[in-house]
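First comes the structure, then the notes that go with it.
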There are 2 protein chains.
Amino acid sequence: MDILNETSEKGVAEARFDLKVDDEVVPGIRWRPERGTGPTATILIGHGGTQHKRVPNVVGLARRFVRHLGATVYALDAPGHGDRITDPAAAEAARARLQGRIASGGGASWQMSADEAAAWVERTQRGVCEWHALVDEVEQGGGGNGTIGYWGVSMGTLIGLPFVASEPRVTAAVLGLAGLGGRPDTVEMEAQARSLTIPILFVFQWDDELMSRESGAALFDAIGSAEKTMHINPGGHVNTPLFERDDYDRFFARHLTVNQ
Amino acid sequence: MDILNETSEKGVAEARFDLKVDDEVVPGIRWRPERGTGPTATILIGHGGTQHKRVPNVVGLARRFVRHLGATVYALDAPGHGDRITDPAAAEAARARLQGRIASGGGASWQMSADEAAAWVERTQRGVCEWHALVDEVEQGGGGNGTIGYWGVSMGTLIGLPFVASEPRVTAAVLGLAGLGGRPDTVEMEAQARSLTIPILFVFQWDDELMSRESGAALFDAIGSAEKTMHINPGGHVNTPLFERDDYDRFFARHLTVNQ
């Protein structure tokens with residue numbers, strides 16, 4: 001992991017870094033307490049589709065996890081996102097399509113093309129490998145205290161679910177805004193969910209334009225963990241209420257070794 | 001309200017009181033900060049079926065609402081419960097029936113008889129009147145700060161839903177372990193839920209032996225409030241995890257005027 005620079009604001013130090021995974025450079029950001037506190041919990045944040053490592057929601061969550069939990073937080077640009085966009089026009093078109101689906105109320109009429117499906121599966125697998133590589137770096141770097149959380153909803157769950165299902169070093173995860181069905185990897189997602197044993201907080205929007213209530217309930221139901229909680233709020237895909245952030249804090253506080 | 005005695009333990013003062021409603025004496029308990037703090041938030045706790053005003057769950061919640069929120073907390077024996085049991089053998093039989101339904105996995109095979117249905121409706125209406133009378137007393141007593149919360153699940157929701165729907169002085173409520181359907185007052189319950197405008201935290205158990213997932217989702221769906229959140233955990237009717245208590249605290253902290 002190459003740290004490019006580090007600046008501080010209100011007690012939180014933020015560093016850009018590059019993570020080399022195979023032949024690719026994955027840009028990331030690390031947030032940590034400005035003053036050294038010894039080993040800290042690690043929290044990984046996976047952003048949503050068409051977003052990137054430093055959208056306001058990610059920065060806001062990261063800073064509060066540092067301030068409230070004393071954690072070190074990492075975000076990566078997902079494959080094809082943020083600084084990894086190679087075709088800006090195609091990325092802009094993808095963003096417009098997603099916004100159009102939300103604005104139109106989405107629903108079952110939307111179908112992924114075979115090309116889109118293949119691209120999604122490849123992107124997911126690549127994203128999973130990159131998170132594993134980041135965990136390797138964190139473990140080697142020695143700054144972590146051995147407890148690792150993952151937070152990611154929507155695309156952050158589509159990549160995060162196979163990641164946490166295959167990463168025994170992650171000890172708790174917040175997932176959500178995702179469901180079972182309608183995707184090329186539905187069978188794999190269900191198997192991954194069933195294999196989970198770590199505590200899961202699963203957030204869902206009751207009026208999500210991109211997935212049905214039934215699909216969300218099916219994914220929650222499939223999660224094999226003894227401790228799992230589903231939080232459902234009214235509103236659409238991008239309307240999760242801000243007070244849920246308090247619940248993320250407390251969920252990680254229960255399951256990671258934190259400094260409060 | 002006749003205060004019968006008051007004792008203190010670890011900063012929480014507990015008083016037995018009798019509330020006269022029409023010709024009946026309703027036994028209750030009030031918990032409040034041992035040292036006067038000026039006006040406080042009020043939280044009303046409605047116990048579950050076959051329970052009473054001082055079961056461990058009620059005492060535990062009441063004491064933490066005092067300690068964490070500086071609130072004054074009230075519980076009443078519901079009609080036909082606790083000190084209001086007039087036929088101990090019948091009460092014991094009702095408890096055994098309920099435990100039997102839970103032990104057997106419950107399900108749709110259970111049907112309320114016409115007599116049971118009539119008794120439930122009368123009990124619910126009486127319980128609602130008694131909570132209104134208690135709120136009158138709290139308001140007249142002058143110790144409240146004008147913000148009132150209600151907490152009650154299972155039978156505490158069957159009585160609490162019509163109560164909070166008809167009591168504009170209640171400003172937030174925790175409900176749950178209840179669903180729409182299979183009861184004599186289902187139509188009324190749905191209308192009451194739709195009329196709600198206050199913030200609601202609705203807890204539900206994914207494997208509840210006494211009501212289906214669909215009935216719980218239907219009741220949550222019917223709630224008219226702009227802010228409503230459903231928390232679903234695995235396990236049966238009596239297995240709500242203790243960590244949900246932190247969420248009750250914070251829900252009331254957001255919506256009542258509390259001393260933290």
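Ordering of the structure tokens sets the chain letters (A, B, ...); residue numbers start at 1 within each chain; ligands are numbered from 1 in the order shown.
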In stretch 12-189 of chain A, DSSP helix (DSSP H, G or I) residues written as number ranges by chain: A: 56-69, 82-84, 88-103, 114-141, 155-165, 186-189
Could you give me, as CSV, every chain A residue with an atom at most 10 Å from chain B, plus its closest atom pair and distance in Å to one decimal, counting only C-alpha atoms, rows ordered by chain then number?
residue,atom,partner,partner_atom,distance
A:Leu201,CA,B:Asn233,CA,9.9
A:Phe202,CA,B:Ile232,CA,9.5
A:Val203,CA,B:His231,CA,9.4
A:Phe204,CA,B:Met230,CA,9.7
A:Gln205,CA,B:Thr229,CA,9.7
A:Trp206,CA,B:Asp221,CA,8.4
A:Arg213,CA,B:Ala217,CA,9.7
A:Ala217,CA,B:Arg213,CA,9.7
A:Phe220,CA,B:Ile232,CA,9.5
A:Asp221,CA,B:Trp206,CA,8.4
A:Ser225,CA,B:Pro234,CA,9.4
A:Ala226,CA,B:Pro234,CA,7.5
A:Glu227,CA,B:Pro234,CA,7.4
A:Lys228,CA,B:Asn233,CA,6.2
A:Thr229,CA,B:Asn233,CA,4.8
A:Met230,CA,B:Ile232,CA,5.0
A:His231,CA,B:His231,CA,4.7
A:Ile232,CA,B:Met230,CA,5.0
A:Asn233,CA,B:Thr229,CA,4.8
A:Pro234,CA,B:Lys228,CA,6.9
A:Gly235,CA,B:Ala226,CA,9.1
A:Pro241,CA,B:Glu227,CA,8.9
A:Phe243,CA,B:Arg254,CA,9.1
A:Glu244,CA,B:Thr229,CA,9.7
A:Asp246,CA,B:Arg250,CA,8.7
A:Asp247,CA,B:Asp247,CA,7.8
A:Arg250,CA,B:Asp246,CA,8.7
A:Phe251,CA,B:Phe243,CA,9.3
A:Arg254,CA,B:Phe243,CA,9.1
Hey, can you spit out that residue selection with N, CA and C atoms as an mmCIF file, in the first residue's frame?
data_model
loop_
_atom_site.group_PDB
_atom_site.id
_atom_site.type_symbol
_atom_site.label_atom_id
_atom_site.label_comp_id
_atom_site.auth_asym_id
_atom_site.auth_seq_id
_atom_site.Cartn_x
_atom_site.Cartn_y
_atom_site.Cartn_z
ATOM 1 N N LEU A 201 -25.995 -6.656 10.379
ATOM 2 C CA LEU A 201 -27.083 -5.671 10.403
ATOM 3 C C LEU A 201 -27.467 -5.418 8.954
ATOM 4 N N PHE A 202 -28.737 -5.690 8.622
ATOM 5 C CA PHE A 202 -29.200 -5.640 7.230
ATOM 6 C C PHE A 202 -30.247 -4.527 7.113
ATOM 7 N N VAL A 203 -29.904 -3.454 6.419
ATOM 8 C CA VAL A 203 -30.851 -2.341 6.277
ATOM 9 C C VAL A 203 -31.605 -2.468 4.958
ATOM 10 N N PHE A 204 -32.872 -2.069 4.990
ATOM 11 C CA PHE A 204 -33.696 -2.211 3.787
ATOM 12 C C PHE A 204 -34.707 -1.067 3.734
ATOM 13 N N GLN A 205 -35.021 -0.633 2.504
ATOM 14 C CA GLN A 205 -36.013 0.427 2.310
ATOM 15 C C GLN A 205 -37.321 -0.189 1.804
ATOM 16 N N TRP A 206 -38.407 0.145 2.516
ATOM 17 C CA TRP A 206 -39.722 -0.454 2.292
ATOM 18 C C TRP A 206 -40.275 -0.133 0.908
ATOM 19 N N ARG A 213 -39.841 -5.952 -1.769
ATOM 20 C CA ARG A 213 -39.816 -6.334 -0.357
ATOM 21 C C ARG A 213 -39.529 -7.823 -0.203
ATOM 22 N N ALA A 217 -36.580 -9.590 1.957
ATOM 23 C CA ALA A 217 -36.880 -10.539 3.034
ATOM 24 C C ALA A 217 -36.208 -11.880 2.756
ATOM 25 N N PHE A 220 -32.499 -11.554 3.667
ATOM 26 C CA PHE A 220 -32.359 -11.578 5.133
ATOM 27 C C PHE A 220 -32.591 -12.983 5.668
ATOM 28 N N ASP A 221 -33.634 -13.619 5.139
ATOM 29 C CA ASP A 221 -33.973 -14.965 5.606
ATOM 30 C C ASP A 221 -32.826 -15.942 5.356
ATOM 31 N N SER A 225 -26.358 -16.433 9.869
ATOM 32 C CA SER A 225 -25.854 -15.980 11.172
ATOM 33 C C SER A 225 -26.903 -16.098 12.262
ATOM 34 N N ALA A 226 -26.447 -16.498 13.464
ATOM 35 C CA ALA A 226 -27.364 -16.541 14.612
ATOM 36 C C ALA A 226 -27.801 -15.139 14.985
ATOM 37 N N GLU A 227 -26.888 -14.167 14.921
ATOM 38 C CA GLU A 227 -27.289 -12.777 15.171
ATOM 39 C C GLU A 227 -27.389 -12.040 13.854
ATOM 40 N N LYS A 228 -28.612 -11.701 13.490
ATOM 41 C CA LYS A 228 -28.852 -10.880 12.309
ATOM 42 C C LYS A 228 -30.069 -10.040 12.620
ATOM 43 N N THR A 229 -30.028 -8.779 12.214
ATOM 44 C CA THR A 229 -31.156 -7.881 12.443
ATOM 45 C C THR A 229 -31.435 -7.135 11.155
ATOM 46 N N MET A 230 -32.715 -7.037 10.798
ATOM 47 C CA MET A 230 -33.116 -6.275 9.616
ATOM 48 C C MET A 230 -33.779 -5.001 10.084
ATOM 49 N N HIS A 231 -33.313 -3.870 9.588
ATOM 50 C CA HIS A 231 -33.930 -2.572 9.880
ATOM 51 C C HIS A 231 -34.620 -2.068 8.616
ATOM 52 N N ILE A 232 -35.934 -1.932 8.685
ATOM 53 C CA ILE A 232 -36.692 -1.485 7.521
ATOM 54 C C ILE A 232 -37.226 -0.081 7.784
ATOM 55 N N ASN A 233 -36.989 0.821 6.833
ATOM 56 C CA ASN A 233 -37.539 2.174 6.913
ATOM 57 C C ASN A 233 -38.326 2.484 5.646
ATOM 58 N N PRO A 234 -39.285 3.398 5.752
ATOM 59 C CA PRO A 234 -40.042 3.793 4.555
ATOM 60 C C PRO A 234 -39.151 4.596 3.604
ATOM 61 N N GLY A 235 -39.579 4.669 2.344
ATOM 62 C CA GLY A 235 -38.864 5.491 1.377
ATOM 63 C C GLY A 235 -38.089 4.653 0.388
ATOM 64 N N PRO A 241 -32.788 6.660 6.448
ATOM 65 C CA PRO A 241 -32.696 7.818 7.352
ATOM 66 C C PRO A 241 -31.319 7.906 8.013
ATOM 67 N N PHE A 243 -30.582 8.582 10.972
ATOM 68 C CA PHE A 243 -30.436 8.030 12.317
ATOM 69 C C PHE A 243 -29.943 6.585 12.301
ATOM 70 N N GLU A 244 -30.034 5.910 11.161
ATOM 71 C CA GLU A 244 -29.471 4.553 11.109
ATOM 72 C C GLU A 244 -27.966 4.568 11.345
ATOM 73 N N ASP A 246 -26.398 5.952 13.696
ATOM 74 C CA ASP A 246 -26.165 5.638 15.110
ATOM 75 C C ASP A 246 -26.176 4.129 15.325
ATOM 76 N N ASP A 247 -27.047 3.453 14.592
ATOM 77 C CA ASP A 247 -27.141 2.003 14.751
ATOM 78 C C ASP A 247 -25.913 1.307 14.183
ATOM 79 N N ARG A 250 -23.268 1.575 16.867
ATOM 80 C CA ARG A 250 -23.452 0.725 18.031
ATOM 81 C C ARG A 250 -23.301 -0.750 17.673
ATOM 82 N N PHE A 251 -23.704 -1.084 16.454
ATOM 83 C CA PHE A 251 -23.491 -2.462 15.987
ATOM 84 C C PHE A 251 -21.993 -2.788 15.977
ATOM 85 N N ARG A 254 -20.521 -3.102 19.412
ATOM 86 C CA ARG A 254 -20.785 -4.388 20.073
ATOM 87 C C ARG A 254 -19.850 -5.484 19.583
#
DSSP-assigned strand (DSSP E or B) among stretch 125-239 of chain B, expressed as a PyMOL selection string: chain B and resi 144-152+170-176+200-205+228-233
File of the preceding selection, N, CA and C atoms, as an mmCIF file, in the first residue's frame:
data_model
loop_
_atom_site.group_PDB
_atom_site.id
_atom_site.type_symbol
_atom_site.label_atom_id
_atom_site.label_comp_id
_atom_site.auth_asym_id
_atom_site.auth_seq_id
_atom_site.Cartn_x
_atom_site.Cartn_y
_atom_site.Cartn_z
ATOM 1 N N GLY B 144 -44.362 16.093 34.575
ATOM 2 C CA GLY B 144 -43.934 15.758 33.221
ATOM 3 C C GLY B 144 -43.473 16.985 32.458
ATOM 4 N N ASN B 145 -42.620 16.764 31.479
ATOM 5 C CA ASN B 145 -42.128 17.898 30.674
ATOM 6 C C ASN B 145 -42.880 18.025 29.358
ATOM 7 N N GLY B 146 -44.003 17.315 29.240
ATOM 8 C CA GLY B 146 -44.829 17.466 28.042
ATOM 9 C C GLY B 146 -44.489 16.503 26.928
ATOM 10 N N THR B 147 -43.472 15.652 27.136
ATOM 11 C CA THR B 147 -43.195 14.629 26.129
ATOM 12 C C THR B 147 -43.443 13.257 26.755
ATOM 13 N N ILE B 148 -44.224 12.451 26.046
ATOM 14 C CA ILE B 148 -44.675 11.166 26.582
ATOM 15 C C ILE B 148 -44.420 10.074 25.552
ATOM 16 N N GLY B 149 -43.757 9.017 25.993
ATOM 17 C CA GLY B 149 -43.541 7.863 25.128
ATOM 18 C C GLY B 149 -44.313 6.661 25.642
ATOM 19 N N TYR B 150 -44.613 5.744 24.742
ATOM 20 C CA TYR B 150 -45.270 4.491 25.130
ATOM 21 C C TYR B 150 -44.408 3.346 24.636
ATOM 22 N N TRP B 151 -44.209 2.329 25.491
ATOM 23 C CA TRP B 151 -43.509 1.107 25.091
ATOM 24 C C TRP B 151 -44.407 -0.075 25.418
ATOM 25 N N GLY B 152 -44.743 -0.911 24.435
ATOM 26 C CA GLY B 152 -45.516 -2.109 24.718
ATOM 27 C C GLY B 152 -45.538 -3.021 23.513
ATOM 28 N N VAL B 170 -49.251 11.465 23.460
ATOM 29 C CA VAL B 170 -48.123 10.531 23.288
ATOM 30 C C VAL B 170 -47.368 10.917 22.026
ATOM 31 N N THR B 171 -46.052 11.085 22.144
ATOM 32 C CA THR B 171 -45.267 11.647 21.049
ATOM 33 C C THR B 171 -44.377 10.635 20.324
ATOM 34 N N ALA B 172 -44.248 9.441 20.862
ATOM 35 C CA ALA B 172 -43.448 8.399 20.194
ATOM 36 C C ALA B 172 -43.787 7.073 20.847
ATOM 37 N N ALA B 173 -43.734 5.984 20.079
ATOM 38 C CA ALA B 173 -44.089 4.689 20.656
ATOM 39 C C ALA B 173 -43.255 3.559 20.080
ATOM 40 N N VAL B 174 -42.888 2.637 20.973
ATOM 41 C CA VAL B 174 -42.298 1.364 20.564
ATOM 42 C C VAL B 174 -43.402 0.318 20.638
ATOM 43 N N LEU B 175 -43.676 -0.317 19.503
ATOM 44 C CA LEU B 175 -44.698 -1.373 19.421
ATOM 45 C C LEU B 175 -44.032 -2.610 18.822
ATOM 46 N N GLY B 176 -44.782 -3.723 18.785
ATOM 47 C CA GLY B 176 -44.232 -4.887 18.113
ATOM 48 C C GLY B 176 -44.801 -6.206 18.576
ATOM 49 N N ILE B 200 -42.633 5.674 15.170
ATOM 50 C CA ILE B 200 -42.870 4.326 15.712
ATOM 51 C C ILE B 200 -41.631 3.466 15.477
ATOM 52 N N LEU B 201 -41.204 2.789 16.526
ATOM 53 C CA LEU B 201 -40.225 1.702 16.377
ATOM 54 C C LEU B 201 -40.991 0.405 16.574
ATOM 55 N N PHE B 202 -40.970 -0.453 15.551
ATOM 56 C CA PHE B 202 -41.790 -1.667 15.541
ATOM 57 C C PHE B 202 -40.859 -2.875 15.536
ATOM 58 N N VAL B 203 -40.844 -3.633 16.630
ATOM 59 C CA VAL B 203 -39.958 -4.801 16.700
ATOM 60 C C VAL B 203 -40.750 -6.065 16.357
ATOM 61 N N PHE B 204 -40.064 -6.990 15.698
ATOM 62 C CA PHE B 204 -40.750 -8.203 15.256
ATOM 63 C C PHE B 204 -39.766 -9.361 15.279
ATOM 64 N N GLN B 205 -40.292 -10.547 15.568
ATOM 65 C CA GLN B 205 -39.463 -11.759 15.595
ATOM 66 C C GLN B 205 -39.761 -12.609 14.355
ATOM 67 N N LYS B 228 -41.117 5.550 10.676
ATOM 68 C CA LYS B 228 -41.394 4.252 11.297
ATOM 69 C C LYS B 228 -40.251 3.342 10.894
ATOM 70 N N THR B 229 -39.805 2.516 11.833
ATOM 71 C CA THR B 229 -38.718 1.581 11.556
ATOM 72 C C THR B 229 -39.110 0.225 12.110
ATOM 73 N N MET B 230 -38.895 -0.808 11.318
ATOM 74 C CA MET B 230 -39.156 -2.171 11.760
ATOM 75 C C MET B 230 -37.814 -2.858 12.014
ATOM 76 N N HIS B 231 -37.661 -3.418 13.208
ATOM 77 C CA HIS B 231 -36.465 -4.189 13.542
ATOM 78 C C HIS B 231 -36.848 -5.658 13.643
ATOM 79 N N ILE B 232 -36.291 -6.477 12.775
ATOM 80 C CA ILE B 232 -36.605 -7.901 12.755
ATOM 81 C C ILE B 232 -35.398 -8.691 13.229
ATOM 82 N N ASN B 233 -35.623 -9.581 14.189
ATOM 83 C CA ASN B 233 -34.569 -10.474 14.666
ATOM 84 C C ASN B 233 -35.033 -11.916 14.566
#
Top pick for closest residue to A:Asn239, considering A:Glu214, A:Asp185, A:Glu130, A:Asp207 and counting only C-alpha atoms: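 Nearest candidate to A:Asn239 out of A:Glu214, A:Asp185, A:Glu130, A:Asp207: A:Asp207.
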Between atom CA of A:His52 and atom CA of A:Phe17 - distance in Å to one decimal: 14.3 Å
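Shell of A:Ala117 at 10 Å, with only C-alpha atoms counted and residues fewer than 4 places along the chain excluded, is Gln111, Met112, Ser113, Val121, Glu122, Arg123, Arg183, Pro184 and Asp185 of chain A.
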So that I have them on file, write out the residues from the current selection with C-alpha atoms, as a PDB file, in the first residue's frame.
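New file part04.pdb:
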ATOM      1  CA  GLN A 111     -33.716  -6.801 -17.148  1.00  0.00           C
ATOM      2  CA  MET A 112     -29.955  -7.087 -17.225  1.00  0.00           C
ATOM      3  CA  SER A 113     -28.545  -7.898 -20.647  1.00  0.00           C
ATOM      4  CA  VAL A 121     -20.017 -10.915 -12.268  1.00  0.00           C
ATOM      5  CA  GLU A 122     -16.482 -10.012 -13.349  1.00  0.00           C
ATOM      6  CA  ARG A 123     -16.635  -6.716 -11.454  1.00  0.00           C
ATOM      7  CA  ARG A 183     -29.406 -11.176 -10.871  1.00  0.00           C
ATOM      8  CA  PRO A 184     -27.030 -13.507 -12.730  1.00  0.00           C
ATOM      9  CA  ASP A 185     -25.440 -14.574  -9.425  1.00  0.00           C
TER      10      ASP A 185
END
Selection: 10 Å around A:Thr37, only C-alpha atoms, excl. self and same-chain fewer than 5 positions, as a list in words: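 Counting only C-alpha atoms, the residues come to Arg32, Gly70, Ala71, Gly143 and Asn259 of chain A.
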Write out the residues from the selection above, keeping N, CA and C atoms, as a short mmCIF file (atom, residue, chain, number, x, y, z; two decimals), in the first residue's frame.
data_model
loop_
_atom_site.label_atom_id
_atom_site.label_comp_id
_atom_site.auth_asym_id
_atom_site.auth_seq_id
_atom_site.Cartn_x
_atom_site.Cartn_y
_atom_site.Cartn_z
N ARG A 32 -8.04 7.69 9.90
CA ARG A 32 -7.69 7.14 11.21
C ARG A 32 -7.55 8.28 12.22
N GLY A 70 -12.92 5.13 17.29
CA GLY A 70 -11.46 5.09 17.24
C GLY A 70 -10.93 4.14 16.18
N ALA A 71 -11.73 3.87 15.16
CA ALA A 71 -11.37 2.88 14.15
C ALA A 71 -10.48 3.48 13.06
N GLY A 143 -1.24 -2.29 12.22
CA GLY A 143 -1.98 -1.24 12.94
C GLY A 143 -3.35 -1.69 13.42
N ASN A 259 -12.46 1.90 20.66
CA ASN A 259 -12.12 2.90 21.69
C ASN A 259 -13.20 3.97 21.69
#
Nearest candidate to A:Gly100 (options A:Arg16, A:Ile223, A:Ile3, A:Leu210; using only C-alpha atoms):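 For A:Gly100, the nearest of the given residues is A:Leu210.
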Atomic distance atom CA of B:Val59 - atom CA of B:Asp136, expressed in Å with one decimal: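 Interatomic distance here is 23.0 Å.
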Might you pull out every residue within 12 Å of A:Val66, with only C-alpha atoms counted and same-chain residues fewer than 5 positions away left off, and present them as a short mmCIF file (atom, residue, chain, number, x, y, z; two decimals) with C-alpha atoms, in the first residue's frame?
data_model
loop_
_atom_site.label_atom_id
_atom_site.label_comp_id
_atom_site.auth_asym_id
_atom_site.auth_seq_id
_atom_site.Cartn_x
_atom_site.Cartn_y
_atom_site.Cartn_z
CA GLU A 9 -9.14 17.77 10.01
CA LYS A 10 -10.85 17.82 13.41
CA GLY A 11 -8.90 14.91 14.79
CA VAL A 12 -9.28 12.67 11.72
CA ALA A 13 -6.28 11.99 9.48
CA GLU A 14 -7.12 11.17 5.86
CA ARG A 30 -7.63 5.63 4.78
CA TRP A 31 -9.10 7.58 7.71
CA ARG A 32 -7.69 7.14 11.21
CA PRO A 33 -7.38 9.00 14.51
CA GLU A 34 -4.98 11.92 14.08
CA ARG A 35 -3.19 11.03 17.30
CA GLY A 36 -1.81 7.50 17.47
CA THR A 37 -3.88 5.28 19.75
CA THR A 40 -7.43 0.00 16.30
CA ALA A 41 -10.45 -1.76 14.89
CA THR A 42 -10.61 -1.75 11.08
CA ILE A 43 -13.77 -0.85 9.16
CA LEU A 44 -13.98 -1.28 5.39
CA VAL A 59 -16.69 10.34 4.03
CA GLY A 60 -19.39 11.02 6.63
CA LEU A 61 -19.50 7.41 7.76
CA ALA A 71 -11.37 2.88 14.15
CA THR A 72 -9.16 2.98 11.08
CA VAL A 73 -11.40 3.08 8.03
CA TYR A 74 -10.65 2.18 4.43
CA ASP A 249 -21.91 2.78 15.31
CA PHE A 252 -19.74 -2.17 15.35
CA ALA A 253 -19.19 -1.11 18.97
CA VAL A 258 -13.29 -0.18 19.79
CA ASN A 259 -12.12 2.90 21.69
CA GLN A 260 -15.15 4.94 22.75
#
Within 10 Å of B:Leu76 using only C-alpha atoms, minus same-chain residues under 5 positions, as number ranges by chain: B: 16-19, 26-30, 44-47, 52-54, 81-83, 127, 130-131, 134
Atomic distance atom CA of A:His68 - atom CA of A:Pro39, expressed in Å with one decimal: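 Computing it gives 15.5 Å between the two atoms.
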B:Met155 surroundings by only C-alpha atoms, 9 Å radius, close-in-sequence under 6 positions cut, as a PyMOL selection string: chain B and resi 46-50+124+177-178
